[in-house]
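Below is one structure; the comments refer to it alone.
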Amino acid sequence: MRVLLVEDDEPIAESLRRGLGRYGFEVDWVRTGAEALAADPGGVVLLDLGLPDTDGLDVCRELRARGDVPIIVISARADETDRVVGLELGADDYISKPFGVREVVARIRAVLRRVKTASAQPSASEYAGGRLVIDRRSRRVWLDGVEISLSPKEYDLLVFLAEEPGAALTREQIMEAVWDTNWFGPTKTLDVHIGALRRKLGDVVTVETVRGVGFRLVTS
């Protein structure tokens with residue numbers, strides 16, 4: 001598995017290259033956002049936000065617009081806002097510095113498992129009398145025949161809620177399934193993604209808040 005590492009800090013980059021190499025990963029290291037966007041993203045991208053030429057969030061946005069390569073943000077920015085914005089822009093996970101190589105490897109493997117599981121799902125499912133169509137094989141969604149654009153996490157969240165329409169799913173269940181079993185971050189991230197889904201789904205499908213529990217998907 002090839003990893004594109006976008007990191008300006010040489011000691012951190014060298015440590016990650018050596019550490020990931022011991023676990024069988026091939027690491028391509030670049031320092032800047034421009035180099036990252038010009039490089040082959042490989043099988044997964046490790047992206048620092050503190051780049052010398054541009055904000056890593058802009059690089060994340062552009063990489064996500066180009067395709068579905070898994071993106072894991074690695075950053076010294078521990079602020080909740082940066083974490084939420086990074087995930088909203090399409091990052092699959094977010095690791096705050098300092099971190100250990102084993103944690104990075106675990107996060108990479110968890111993201112790759114989720115991608116593999118999603119690709120193995122049955123092709124298309126219909127909801128709300130066929131007005132909402134989810135194609136798991138292509139990871140595309142149509143609403144009234146028009147494709148809607150969802151970030152990777154918005155898509156994963158919709159698919160998980162749609163697996164049991166009408167069921168009240170707890171915040172913990174959703175965070176574990178959609179983000180990671182080892183997620184310890186703020187669940188405000190979940191609220192951000194729920195809000196985005198509601199705006200994009202309109203009145204065709206409703207994501208209801210179950211007070212004190214979590215959320216459920218309701219189709220007409």
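Following the order of the structure tokens, first chain is A, next is B, and so on, with residues numbered from 1 inside each chain and ligands from 1 in the order they appear.
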
Q: DSSP on the backbone, then: every residue of segment 58-219 of chain A marked strand (DSSP E), written as a ChimeraX atom specification.
A: /A:71-75,93-96,124-127,132-135,140-143,146-148,169-170,205-210,214-219

Residues of segment 89-148 of chain A within 12 Å of segment 11-25 of chain A: nearest atom pair and distance (Å, one decimal) for each, counting only C-alpha atoms, sorted by chain and number, as JSON lines?
{"residue": "A:Lys97", "atom": "CA", "partner": "A:Ile12", "partner_atom": "CA", "distance": 10.0}
{"residue": "A:Pro98", "atom": "CA", "partner": "A:Ile12", "partner_atom": "CA", "distance": 9.6}
{"residue": "A:Phe99", "atom": "CA", "partner": "A:Ile12", "partner_atom": "CA", "distance": 10.0}
{"residue": "A:Gly100", "atom": "CA", "partner": "A:Leu16", "partner_atom": "CA", "distance": 8.9}
{"residue": "A:Val101", "atom": "CA", "partner": "A:Gly19", "partner_atom": "CA", "distance": 5.9}
{"residue": "A:Arg102", "atom": "CA", "partner": "A:Gly19", "partner_atom": "CA", "distance": 8.2}
{"residue": "A:Glu103", "atom": "CA", "partner": "A:Leu20", "partner_atom": "CA", "distance": 10.8}
{"residue": "A:Val104", "atom": "CA", "partner": "A:Leu20", "partner_atom": "CA", "distance": 8.5}
{"residue": "A:Val105", "atom": "CA", "partner": "A:Leu20", "partner_atom": "CA", "distance": 7.1}
{"residue": "A:Ala106", "atom": "CA", "partner": "A:Tyr23", "partner_atom": "CA", "distance": 10.6}
{"residue": "A:Ile108", "atom": "CA", "partner": "A:Leu20", "partner_atom": "CA", "distance": 10.3}
{"residue": "A:Arg109", "atom": "CA", "partner": "A:Tyr23", "partner_atom": "CA", "distance": 11.0}

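The list of residues with at least one atom within 9 Å of Asp48 of chain A, based on only C-alpha atoms and without residues fewer than 4 positions apart in the same chain, reads A:Leu5, A:Val6, A:Glu7, A:Asp8, A:Gly56, A:Leu57, A:Ile72, A:Val73, A:Ile74, A:Ser75, A:Ala76.
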
Please provide the set of residues having any atom within 8 Å of Ala91 of chain A, restricted to only C-alpha atoms, with same-chain residues fewer than 6 positions apart removed, written as a JSON list (two decimals) with N, CA and C atoms, in the first residue's frame.
[["chain", "number", "residue", "atom", "x", "y", "z"],
["A", 60, "CYS", "N", -7.08, 19.49, 1.19],
["A", 60, "CYS", "CA", -8.07, 18.46, 1.47],
["A", 60, "CYS", "C", -9.28, 18.62, 0.57],
["A", 64, "ARG", "N", -10.40, 15.92, -2.35],
["A", 64, "ARG", "CA", -11.71, 15.28, -2.30],
["A", 64, "ARG", "C", -12.52, 15.55, -3.56],
["A", 70, "PRO", "N", -8.86, 7.84, 0.41],
["A", 70, "PRO", "CA", -8.98, 8.13, 1.84],
["A", 70, "PRO", "C", -7.98, 9.20, 2.28],
["A", 71, "ILE", "N", -8.46, 10.16, 3.07],
["A", 71, "ILE", "CA", -7.61, 11.26, 3.56],
["A", 71, "ILE", "C", -7.65, 11.27, 5.09],
["A", 72, "ILE", "N", -6.48, 11.19, 5.69],
["A", 72, "ILE", "CA", -6.37, 11.30, 7.15],
["A", 72, "ILE", "C", -5.56, 12.55, 7.46],
["A", 73, "VAL", "N", -6.17, 13.49, 8.14],
["A", 73, "VAL", "CA", -5.49, 14.72, 8.52],
["A", 73, "VAL", "C", -4.63, 14.45, 9.75],
["A", 152, "PRO", "N", -17.58, 12.19, 1.70],
["A", 152, "PRO", "CA", -17.48, 10.78, 2.09],
["A", 152, "PRO", "C", -18.17, 10.48, 3.42],
["A", 153, "LYS", "N", -18.01, 11.34, 4.40],
["A", 153, "LYS", "CA", -18.63, 11.07, 5.69],
["A", 153, "LYS", "C", -20.14, 11.27, 5.64]]

Q: Could you give me, as a ChimeraX atom specification, the residues within 12 Å of Ala128 of chain A, counting only C-alpha atoms and dropping anything in the same chain fewer than 2 positions from it?
A: /A:125-126,130-134,142-144,162,165,201,203-206,217-220

Q | Exercise: Asp58 of chain A partners within 9 Å, only C-alpha atoms, chain neighbours under 5 positions left out, as a ChimeraX atom specification | A | /A:33,49,63,89

Q. Can you tell me, as a PyMOL selection string, what residues are no more than 8 Å from Val3 of chain A when counting only C-alpha atoms, ignoring any on the same chain fewer than 4 positions away?
A. chain A and resi 25-28+41-46

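Minimum atom-to-atom distances from A:Phe160, A:Tyr155, A:Tyr94, A:Tyr127 to Thr189 of chain A were compared using only C-alpha atoms, and the lowest value belongs to A:Tyr94.
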
**Q.** Per-residue DSSP, segment 8-208 of chain A, filtered to helix (DSSP H, G or I), as a VMD selection string
**A.** chain A and resid 10 to 22 33 to 38 56 to 66 80 to 88 101 to 119 152 to 162 171 to 178 188 to 201

Residues as selected, C-alpha atoms, written as a tab-separated table (two decimals), in the first residue's frame, can you do that?
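After the write, again_15.tsv holds the following:
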chain	number	residue	atom	x	y	z
A	10	GLU	CA	11.22	16.76	8.35
A	11	PRO	CA	11.76	14.93	11.69
A	12	ILE	CA	8.06	13.97	11.82
A	13	ALA	CA	8.08	12.94	8.17
A	14	GLU	CA	11.19	10.80	8.55
A	15	SER	CA	9.78	9.15	11.66
A	16	LEU	CA	6.56	8.32	9.85
A	17	ARG	CA	8.43	7.02	6.79
A	18	ARG	CA	10.51	4.66	8.89
A	19	GLY	CA	7.63	3.62	11.11
A	20	LEU	CA	5.13	3.00	8.32
A	21	GLY	CA	7.80	1.17	6.36
A	22	ARG	CA	8.09	-1.36	9.17
A	33	GLY	CA	0.33	21.63	-0.96
A	34	ALA	CA	1.39	22.20	-4.58
A	35	GLU	CA	3.51	19.05	-4.53
A	36	ALA	CA	0.66	17.11	-2.95
A	37	LEU	CA	-1.78	18.11	-5.68
A	38	ALA	CA	0.75	17.24	-8.38
A	56	GLY	CA	-3.94	22.04	4.32
A	57	LEU	CA	-7.73	22.37	4.44
A	58	ASP	CA	-7.63	23.76	0.89
A	59	VAL	CA	-5.56	20.77	-0.20
A	60	CYS	CA	-8.07	18.46	1.47
A	61	ARG	CA	-10.94	20.12	-0.39
A	62	GLU	CA	-9.18	19.81	-3.74
A	63	LEU	CA	-8.15	16.18	-3.23
A	64	ARG	CA	-11.71	15.28	-2.30
A	65	ALA	CA	-13.08	17.04	-5.37
A	66	ARG	CA	-10.77	14.91	-7.51
A	80	GLU	CA	-12.49	21.46	17.58
A	81	THR	CA	-13.37	23.85	14.75
A	82	ASP	CA	-10.43	22.69	12.63
A	83	ARG	CA	-11.36	19.07	13.27
A	84	VAL	CA	-14.98	19.63	12.26
A	85	VAL	CA	-14.04	21.67	9.18
A	86	GLY	CA	-11.55	19.03	8.06
A	87	LEU	CA	-14.12	16.26	8.32
A	88	GLU	CA	-16.76	18.42	6.66
A	101	VAL	CA	3.14	5.37	14.56
A	102	ARG	CA	0.98	2.51	15.81
A	103	GLU	CA	-1.97	4.90	16.17
A	104	VAL	CA	-1.47	6.14	12.61
A	105	VAL	CA	-1.30	2.57	11.31
A	106	ALA	CA	-4.49	1.67	13.21
A	107	ARG	CA	-6.30	4.68	11.75
A	108	ILE	CA	-5.13	3.83	8.22
A	109	ARG	CA	-6.32	0.25	8.57
A	110	ALA	CA	-9.67	1.35	10.01
A	111	VAL	CA	-10.28	3.77	7.11
A	112	LEU	CA	-9.32	1.13	4.54
A	113	ARG	CA	-11.66	-1.40	6.18
A	114	ARG	CA	-14.55	1.04	5.93
A	115	VAL	CA	-13.81	1.70	2.26
A	116	LYS	CA	-13.61	-2.03	1.54
A	117	THR	CA	-16.84	-2.74	3.41
A	118	ALA	CA	-18.68	0.01	1.55
A	119	SER	CA	-17.52	-1.32	-1.83
A	152	PRO	CA	-17.48	10.78	2.09
A	153	LYS	CA	-18.63	11.07	5.69
A	154	GLU	CA	-22.06	12.41	4.70
A	155	TYR	CA	-22.45	9.42	2.41
A	156	ASP	CA	-21.33	6.94	5.09
A	157	LEU	CA	-23.70	8.53	7.60
A	158	LEU	CA	-26.66	8.34	5.21
A	159	VAL	CA	-25.95	4.70	4.37
A	160	PHE	CA	-25.72	3.74	8.05
A	161	LEU	CA	-28.98	5.49	8.94
A	162	ALA	CA	-30.67	3.98	5.89
A	171	ARG	CA	-24.88	8.81	18.96
A	172	GLU	CA	-22.38	6.21	20.12
A	173	GLN	CA	-23.58	3.64	17.57
A	174	ILE	CA	-23.35	6.18	14.76
A	175	MET	CA	-19.91	7.49	15.73
A	176	GLU	CA	-18.56	3.95	16.08
A	177	ALA	CA	-19.92	2.82	12.71
A	178	VAL	CA	-19.27	5.94	10.62
A	188	LYS	CA	-20.50	17.93	17.59
A	189	THR	CA	-18.94	16.56	14.41
A	190	LEU	CA	-21.98	14.31	14.07
A	191	ASP	CA	-24.37	17.27	14.41
A	192	VAL	CA	-22.52	19.13	11.64
A	193	HIS	CA	-22.92	16.18	9.27
A	194	ILE	CA	-26.57	15.63	10.24
A	195	GLY	CA	-27.27	19.28	9.44
A	196	ALA	CA	-25.58	18.96	6.05
A	197	LEU	CA	-27.61	15.84	5.22
A	198	ARG	CA	-30.86	17.55	6.17
A	199	ARG	CA	-30.12	20.46	3.86
A	200	LYS	CA	-29.28	18.19	0.94
A	201	LEU	CA	-32.15	15.70	1.40
